[in-house]
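Next up, structure_34.cif (mmCIF, C-alpha atoms):
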data_run
loop_
_atom_site.label_atom_id
_atom_site.label_comp_id
_atom_site.auth_asym_id
_atom_site.auth_seq_id
_atom_site.Cartn_x
_atom_site.Cartn_y
_atom_site.Cartn_z
CA MET A 12 -109.12 193.38 215.33
CA THR A 13 -106.78 196.03 216.70
CA TYR A 14 -107.08 199.34 218.53
CA ASN A 15 -104.79 202.35 218.64
CA ALA A 16 -105.41 204.19 221.89
CA ARG A 17 -103.36 207.22 220.85
CA ARG A 18 -105.63 208.05 217.92
CA GLY A 19 -108.80 206.23 218.93
CA PHE A 20 -108.81 204.05 215.84
CA LEU A 21 -110.26 200.57 215.64
CA GLY A 22 -109.26 198.34 212.76
CA ALA A 23 -111.29 195.26 211.97
CA ALA A 24 -110.58 192.50 209.48
CA LEU A 25 -113.60 191.33 207.57
CA PRO A 26 -115.07 188.04 206.42
CA PRO A 27 -114.04 187.09 202.87
CA ASP A 28 -114.74 189.90 200.46
CA GLU A 29 -113.65 190.50 196.90
CA LYS A 30 -112.37 194.03 197.37
CA ILE A 31 -112.50 195.37 200.92
CA ALA A 32 -109.51 194.36 202.99
CA TRP A 33 -110.51 195.78 206.34
CA GLN A 34 -112.51 198.56 207.96
CA LEU A 35 -111.33 201.53 209.98
CA PHE A 36 -113.56 202.84 212.75
CA GLY A 37 -113.16 205.97 214.83
CA ILE A 38 -114.22 205.87 218.46
CA GLU A 39 -115.10 209.20 220.05
CA TYR A 40 -116.88 210.28 223.17
CA ASN A 41 -120.15 212.12 222.56
CA ALA A 42 -120.78 214.54 225.44
CA ARG A 43 -124.44 215.04 224.48
CA LYS A 44 -125.30 211.38 224.57
CA HIS A 45 -122.88 210.64 227.41
CA ASN A 46 -121.68 207.66 225.48
CA TYR A 47 -119.07 206.60 222.95
CA GLU A 48 -119.79 206.73 219.23
CA VAL A 49 -118.29 204.44 216.64
CA LYS A 50 -118.06 205.75 213.10
CA LEU A 51 -116.95 203.91 210.00
CA LEU A 52 -114.15 206.02 208.55
CA ARG A 53 -112.66 203.98 205.72
CA LYS A 54 -112.92 200.73 203.84
CA PRO A 55 -109.49 200.18 202.28
CA GLN A 56 -109.18 197.72 199.43
CA PHE A 57 -106.68 194.94 198.89
CA PRO A 58 -103.51 195.86 197.00
CA SER A 59 -103.68 194.95 193.32
CA SER A 60 -102.75 191.30 192.90
CA ASP A 61 -100.10 191.88 190.24
CA SER A 62 -98.05 194.18 192.47
CA GLY A 63 -97.19 191.78 195.22
CA SER A 64 -98.80 188.40 195.63
CA LYS A 65 -97.53 185.81 193.22
CA HIS A 66 -99.48 182.64 192.74
CA ASN A 67 -97.51 179.52 193.35
CA ILE A 68 -98.40 175.90 193.99
CA GLU A 69 -98.28 176.34 197.75
CA ASN A 70 -100.79 179.20 197.64
CA ILE A 71 -103.10 177.15 195.45
CA PHE A 72 -103.15 174.35 198.03
CA ARG A 73 -103.43 176.82 200.87
CA ASN A 74 -106.52 178.39 199.35
CA ARG A 75 -108.06 175.17 198.11
CA ASP A 76 -110.71 175.23 200.81
CA ASN A 77 -111.14 178.95 201.05
CA ASN A 78 -111.10 180.54 197.64
CA GLU A 79 -112.00 184.00 198.74
CA LYS A 80 -109.15 186.24 199.77
CA HIS A 81 -109.53 187.73 203.20
CA THR A 82 -107.50 189.63 205.77
CA GLU A 83 -106.18 187.32 208.46
CA SER A 84 -104.67 189.87 210.80
CA ILE A 85 -104.28 193.61 211.17
CA ASP A 86 -102.19 195.89 213.38
CA PHE A 87 -101.46 199.60 213.72
CA ASP A 88 -97.92 200.75 214.35
CA PRO A 89 -97.38 202.34 217.80
CA THR A 90 -97.56 205.88 216.37
CA GLY A 91 -100.79 205.16 214.53
CA THR A 92 -99.52 206.33 211.14
CA LEU A 93 -99.05 202.92 209.46
CA VAL A 94 -101.22 199.86 209.28
CA ALA A 95 -100.03 196.35 208.46
CA THR A 96 -102.26 193.57 207.20
CA ILE A 97 -101.68 189.98 206.21
CA ASP A 98 -104.16 188.15 204.00
CA SER A 99 -105.04 184.52 203.35
CA GLU A 100 -102.48 184.36 200.53
CA MET A 101 -99.78 185.30 203.06
CA THR A 102 -99.25 188.69 201.48
CA CYS A 103 -98.17 191.24 204.01
CA ALA A 104 -99.05 194.85 203.12
CA VAL A 105 -98.20 198.09 204.89
CA SER A 106 -100.18 201.21 204.10
CA GLU A 107 -100.31 204.78 205.32
CA MET A 108 -103.29 205.57 207.47
CA GLU A 109 -104.05 208.96 205.95
CA THR A 110 -103.50 208.31 202.26
CA GLN A 111 -104.32 204.55 202.25
CA GLU A 112 -101.46 204.06 199.82
CA TYR A 113 -99.55 200.82 200.12
CA SER A 114 -95.92 201.58 200.95
CA SER A 115 -94.68 197.98 200.93
CA ILE A 116 -96.10 194.61 199.89
CA LEU A 117 -94.35 191.35 200.61
CA SER A 118 -95.33 187.76 199.99
CA ILE A 119 -94.15 185.71 202.96
CA VAL A 120 -94.24 182.35 201.18
CA ASN A 121 -92.23 183.54 198.20
CA GLU A 122 -89.72 185.47 200.29
CA GLY A 123 -89.26 182.54 202.65
CA SER A 124 -88.63 180.05 199.88
CA GLU A 125 -86.18 182.37 198.18
CA GLY A 126 -84.34 183.08 201.40
CA ASN A 127 -83.84 179.41 202.15
CA MET B 13 -113.91 147.81 199.21
CA SER B 14 -110.84 148.58 201.27
CA LEU B 15 -110.14 151.52 198.97
CA ILE B 16 -113.65 152.87 199.59
CA ALA B 17 -113.14 152.42 203.32
CA PHE B 18 -109.84 154.26 203.13
CA LEU B 19 -111.30 157.15 201.14
CA LEU B 20 -114.29 157.38 203.47
CA LEU B 21 -112.00 157.55 206.46
CA HIS B 22 -109.71 160.02 204.77
CA PHE B 23 -112.39 162.52 203.85
CA SER B 24 -114.60 162.10 206.90
CA LEU B 25 -111.86 162.51 209.46
CA ASP B 26 -109.87 165.30 207.85
CA PRO B 27 -112.28 168.21 208.50
CA PHE B 28 -112.42 167.31 212.19
CA LEU B 29 -108.66 167.22 212.59
CA ARG B 30 -107.95 170.27 210.50
CA ASN B 31 -106.38 173.13 212.38
CA LYS B 32 -106.90 176.60 211.06
CA HIS B 33 -103.54 177.94 209.86
CA SER B 34 -104.32 181.53 210.56
CA ALA B 35 -101.70 184.22 210.18
CA ALA B 36 -101.10 186.99 212.68
CA LEU B 37 -98.89 190.05 212.76
CA ARG B 38 -97.79 192.59 215.34
CA TRP B 39 -95.62 195.69 215.12
CA SER B 40 -92.54 195.98 217.26
CA THR B 41 -93.17 198.47 220.05
CA ASN B 42 -89.56 199.69 220.13
CA PRO B 43 -89.54 203.35 219.03
CA GLY B 44 -88.08 203.87 215.56
CA GLU B 45 -87.82 200.15 214.85
CA PRO B 46 -89.82 199.34 211.70
CA LEU B 47 -90.18 195.62 212.36
CA LEU B 48 -93.20 193.39 212.00
CA PHE B 49 -93.53 190.04 213.72
CA VAL B 50 -95.46 187.68 211.44
CA LYS B 51 -96.78 184.28 212.45
CA TYR B 52 -97.87 182.07 209.59
CA ASP B 53 -98.60 178.42 208.81
CA CYS B 54 -99.22 176.64 212.09
CA ASN B 55 -96.22 177.79 214.13
CA SER B 56 -93.69 179.64 211.97
CA LEU B 57 -92.49 183.10 212.92
CA ASP B 58 -90.68 185.61 210.78
CA ILE B 59 -89.72 189.24 211.17
CA ILE B 60 -90.20 191.75 208.34
CA ASP B 61 -88.02 194.83 208.08
CA ILE B 62 -90.45 197.34 206.59
CA GLU B 63 -87.80 199.88 205.54
CA ARG B 64 -85.77 197.31 203.62
CA GLU B 65 -88.88 195.35 202.55
CA LYS B 66 -87.14 192.10 203.40
CA LEU B 67 -87.40 189.32 205.91
CA ALA B 68 -85.03 189.96 208.79
CA LEU B 69 -84.47 186.25 209.49
CA LYS B 70 -82.78 183.80 207.13
CA LYS B 71 -85.02 180.96 208.28
CA PRO B 72 -88.39 181.21 210.00
CA ILE B 73 -88.43 180.33 213.68
CA VAL B 74 -90.47 177.30 214.72
CA LEU B 75 -92.33 178.53 217.77
CA ASP B 76 -93.42 175.17 219.12
CA LYS B 77 -91.31 172.10 218.48
CA THR B 78 -93.21 169.93 220.94
CA GLY B 79 -96.29 167.91 220.06
CA ASN B 80 -96.66 164.49 218.54
CA SER B 81 -93.71 162.82 216.86
CA SER B 82 -92.97 163.83 213.29
CA CYS B 83 -93.10 160.19 212.16
CA PHE B 84 -96.64 159.82 213.44
CA ILE B 85 -97.65 163.12 211.87
CA PHE B 86 -96.14 162.08 208.56
CA PHE B 87 -98.12 158.84 208.34
CA PHE B 88 -101.22 160.43 209.83
CA ASN B 89 -101.06 163.19 207.19
CA LEU B 90 -100.39 160.66 204.45
CA PHE B 91 -103.13 158.15 205.24
CA VAL B 92 -105.73 159.88 207.38
CA ALA B 93 -105.82 163.64 207.62
CA PRO B 94 -103.54 165.77 205.45
CA HIS B 95 -104.22 168.96 207.42
CA TYR B 96 -103.60 167.64 210.92
CA THR B 97 -100.75 169.58 212.51
CA GLY B 98 -100.17 167.52 215.62
CA GLY B 99 -101.69 170.00 218.03
CA LYS B 100 -98.92 172.58 217.92
CA THR B 101 -100.68 175.48 216.27
CA ILE B 102 -100.03 178.98 217.55
CA HIS B 103 -103.30 180.91 217.70
CA TRP B 104 -102.24 184.39 218.78
CA ILE B 105 -99.18 186.56 219.23
CA ASP B 106 -98.56 189.85 221.02
CA VAL B 107 -95.60 192.15 221.60
CA ASN B 108 -94.63 193.46 225.01
CA PRO B 109 -95.79 197.15 225.05
CA SER B 110 -92.67 198.34 226.87
CA ASN B 111 -90.10 196.02 225.24
CA GLY B 112 -90.48 195.32 221.53
CA ASN B 113 -87.91 192.54 221.67
CA LEU B 114 -90.28 190.23 223.54
CA LEU B 115 -93.07 188.43 221.75
CA VAL B 116 -95.52 186.19 223.53
CA THR B 117 -97.35 183.43 221.70
CA GLY B 118 -100.25 181.22 222.72
CA GLY B 119 -101.52 178.02 221.20
CA ASP B 120 -102.33 174.36 221.53
CA ARG B 121 -99.28 173.62 223.68
CA GLY B 122 -99.37 176.63 225.98
CA VAL B 123 -97.61 179.99 226.13
CA ASN B 124 -94.15 180.71 224.75
CA LEU B 125 -91.96 183.77 224.87
CA TYR B 126 -89.69 184.70 221.99
CA ASP B 127 -86.73 186.95 222.73
CA LYS B 128 -85.59 188.68 219.54
CA ARG B 129 -82.16 189.62 220.89
CA ALA B 130 -81.28 186.15 222.16
CA ARG B 131 -83.21 184.47 219.30
CA LYS B 132 -84.64 181.98 221.74
CA VAL B 133 -88.09 180.57 222.40
CA ILE B 134 -88.83 180.02 226.08
CA THR B 135 -91.82 177.99 227.26
CA ILE B 136 -93.73 179.84 229.97
CA SER B 137 -96.67 177.52 230.41
CA SER B 138 -97.53 174.12 228.97
CA THR B 139 -101.24 174.56 229.65
CA PRO B 140 -103.18 175.07 226.43
CA LEU B 141 -105.04 178.38 226.40
CA THR B 142 -107.28 177.57 223.50
CA GLY B 143 -110.86 176.43 223.41
CA ASN B 144 -110.19 174.45 220.27
CA LEU B 145 -110.56 170.90 221.50
CA LEU B 146 -109.62 169.52 218.13
CA GLY B 147 -106.26 171.23 218.43
CA ARG B 148 -105.50 169.10 221.51
CA PHE B 149 -105.70 165.77 219.75
CA ASP B 150 -102.98 163.51 220.92
CA LEU B 151 -101.85 160.15 219.71
CA ALA B 152 -104.34 158.10 221.72
CA LYS B 153 -107.35 160.24 220.83
CA SER B 154 -106.45 160.25 217.16
CA PHE B 155 -106.02 156.49 217.05
CA SER B 156 -109.25 155.84 218.95
CA LEU B 157 -111.17 158.09 216.56
CA CYS B 158 -109.55 156.40 213.58
CA PHE B 159 -110.36 152.99 214.96
CA SER B 160 -114.01 153.82 215.69
CA LEU B 161 -114.53 155.28 212.23
CA LEU B 162 -112.82 152.34 210.59
CA LEU B 163 -115.00 149.98 212.60
CA GLU B 164 -118.14 151.81 211.47
CA VAL B 165 -117.05 151.56 207.86
CA PHE B 166 -116.43 147.82 208.11
CA LEU B 167 -119.74 147.24 209.92
CA LEU B 168 -121.49 149.17 207.18
CA ASN B 169 -119.68 147.06 204.62
CA ASP B 170 -120.86 143.86 206.36
CA LYS B 171 -124.44 145.11 206.38
CA ILE B 172 -124.32 145.86 202.66
CA GLN B 173 -122.83 142.46 201.88
CA SER B 174 -125.38 140.61 204.03
CA LYS B 175 -128.23 142.40 202.24
CA GLN B 176 -126.80 141.39 198.88
#
Would you write out, as structure tokens, the structure that this file holds?
Amino acid sequence: MTYNARRGFLGAALPPDEKIAWQLFGIEYNARKHNYEVKLLRKPQFPSSDSGSKHNIENIFRNRDNNEKHTESIDFDPTGTLVATIDSEMTCAVSEMETQEYSSILSIVNEGSEGN
Amino acid sequence: MSLIAFLLLHFSLDPFLRNKHSAALRWSTNPGEPLLFVKYDCNSLDIIDIEREKLALKKPIVLDKTGNSSCFIFFFNLFVAPHYTGGKTIHWIDVNPSNGNLLVTGGDRGVNLYDKRARKVITISSTPLTGNLLGRFDLAKSFSLCFSLLLEVFLLNDKIQSKQ
């Protein structure tokens, strides 16, 4: 879970789900009710599997006990325009907040093994 | 029978000693610096350059090198619990809001500070800040648990044989 104070956005990773990667909530003050309101703004989906995450033997073992893909962590950039997520397959994805388009997708396991 | 005892021990103990290898990421708070700190496996840290779409480090940084000896872990993983990490899992990370070069990490072995410029990990506190008791397993606890389970298996075996 992460919060961007500048834009009043709350991002929450979800329990394992086939499509939805995380949820974006907007937190605003309601003067009538004298309280804060939380609204669900978006439910972005995971990036398509063929674009970034490659299956390798390490990922198979990693997901042996937890077959369903899920978002492990989420964070907004300081300006609140980009959001980064990492899922259970160690695929790191960065998307634009407004368009929800993925600007970069990187598999940590594959990159790490290639780099070494 | 010894094989059955081994398998029983292997599969009964493993879930209790398994540490969750959760990943975590945080943006650098330095203005105009498109870097992401990523913690993965139990205690590996890497930095992603978002503009170049590449890892900024050649090798991941091991955030916590303390814990039980690697020899013990090797045999413990081999014979008892394959997922046991030796109580050196990092559970959370966070970047200093005013200095994006400083990353603080917390886990089984306390709090560490990683300085990106100096490429050094400094231990701030050795007190574990986690409620995960299973993450604090040390050598003695692990062996005592192993021994008690093994004893139960052999007692069960004796009972079965006496009935036969």
- Task: Using the chain letters and numbering of this document, enumerate as JSON, numbers by chain the residues selected by the PyMOL selection byres ((chain A) within 8 of (chain B)).
- Result: {"A": [83, 84, 85, 86, 87, 88, 89, 95, 96, 97, 98, 99, 101, 105, 115, 116, 117, 122, 123, 126, 127]}
- Item | Given only C-alpha atoms as the counted atoms, nearest of B:Ser174, B:Ser56, B:Ser137, B:Ser110 to B:Asp76 |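 Ranked by minimum distance to B:Asp76, first place goes to B:Ser56.
Nearest to A:Glu109 of all the residues A:Arg17, A:His45, A:His81, A:Arg53 is A:Arg53, based on all atoms listed in the file.
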- Task: Please measure the separation of atom CA of A:Val49 and atom CA of A:Leu93, giving the value in Å to one decimal.
- Result: 20.6 Å
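Here the PyMOL selection byres ((chain A and resi 20) around 9) catches exactly these residues: Thr13, Tyr14, Asn15, Ala16, Arg17, Arg18, Gly19, Leu21, Gly22, Leu35, Phe36, Gly37, Ile38, Phe87 and Gly91 of chain A.
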- Message: So that I can see what lies close to B:Asp127, please list as a ChimeraX atom specification the residues with an atom at most 6 Å from it, counting only C-alpha atoms and leaving out residues fewer than 3 positions away in the same chain.
- Response: /B:113-114,130-132
- At what distance in Å, to one decimal, does atom CA of A:Tyr113 lie from atom CA of A:Val94?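 Distance reported for this atom pair: 9.4 Å.
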Please put the answer as lines of an AutoDock Vina configuration file: centre and edge lengths, in Å with one decimal, of a box along x, y and z that encloses all listed atoms of stretch 30-41 of chain A plus 8 Å on each side.
center_x = -114.8
center_y = 203.1
center_z = 210.3
size_x = 26.6
size_y = 34.1
size_z = 41.8
- Taking (-105.2, 201.3, 201.0) in the file's own coordinates, collect the residues within 9 Å, counting all atoms listed in the file, and hand them back as a list in words.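 Counting all atoms listed in the file, I find these residues within 9 Å of (-105.2, 201.3, 201.0): Ala32, Lys54, Pro55, Gln56, Phe57, Pro58, Val105, Ser106, Glu107, Met108, Thr110, Gln111, Glu112 and Tyr113 of chain A.
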Produce a file of the selected residues containing C-alpha atoms, as a PDB file, keeping the file's coordinate frame.
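Once everything was written out, this is selection_26.pdb:
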ATOM      1  CA  ALA A  32    -109.510 194.360 202.990  1.00  0.00           C
ATOM      2  CA  LYS A  54    -112.920 200.730 203.840  1.00  0.00           C
ATOM      3  CA  PRO A  55    -109.490 200.180 202.280  1.00  0.00           C
ATOM      4  CA  GLN A  56    -109.180 197.720 199.430  1.00  0.00           C
ATOM      5  CA  PHE A  57    -106.680 194.940 198.890  1.00  0.00           C
ATOM      6  CA  PRO A  58    -103.510 195.860 197.000  1.00  0.00           C
ATOM      7  CA  VAL A 105     -98.200 198.090 204.890  1.00  0.00           C
ATOM      8  CA  SER A 106    -100.180 201.210 204.100  1.00  0.00           C
ATOM      9  CA  GLU A 107    -100.310 204.780 205.320  1.00  0.00           C
ATOM     10  CA  MET A 108    -103.290 205.570 207.470  1.00  0.00           C
ATOM     11  CA  THR A 110    -103.500 208.310 202.260  1.00  0.00           C
ATOM     12  CA  GLN A 111    -104.320 204.550 202.250  1.00  0.00           C
ATOM     13  CA  GLU A 112    -101.460 204.060 199.820  1.00  0.00           C
ATOM     14  CA  TYR A 113     -99.550 200.820 200.120  1.00  0.00           C
TER      15      TYR A 113
END
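The coordinates place atom CA of B:Val133 at 9.4 Å from atom CA of B:Val116.
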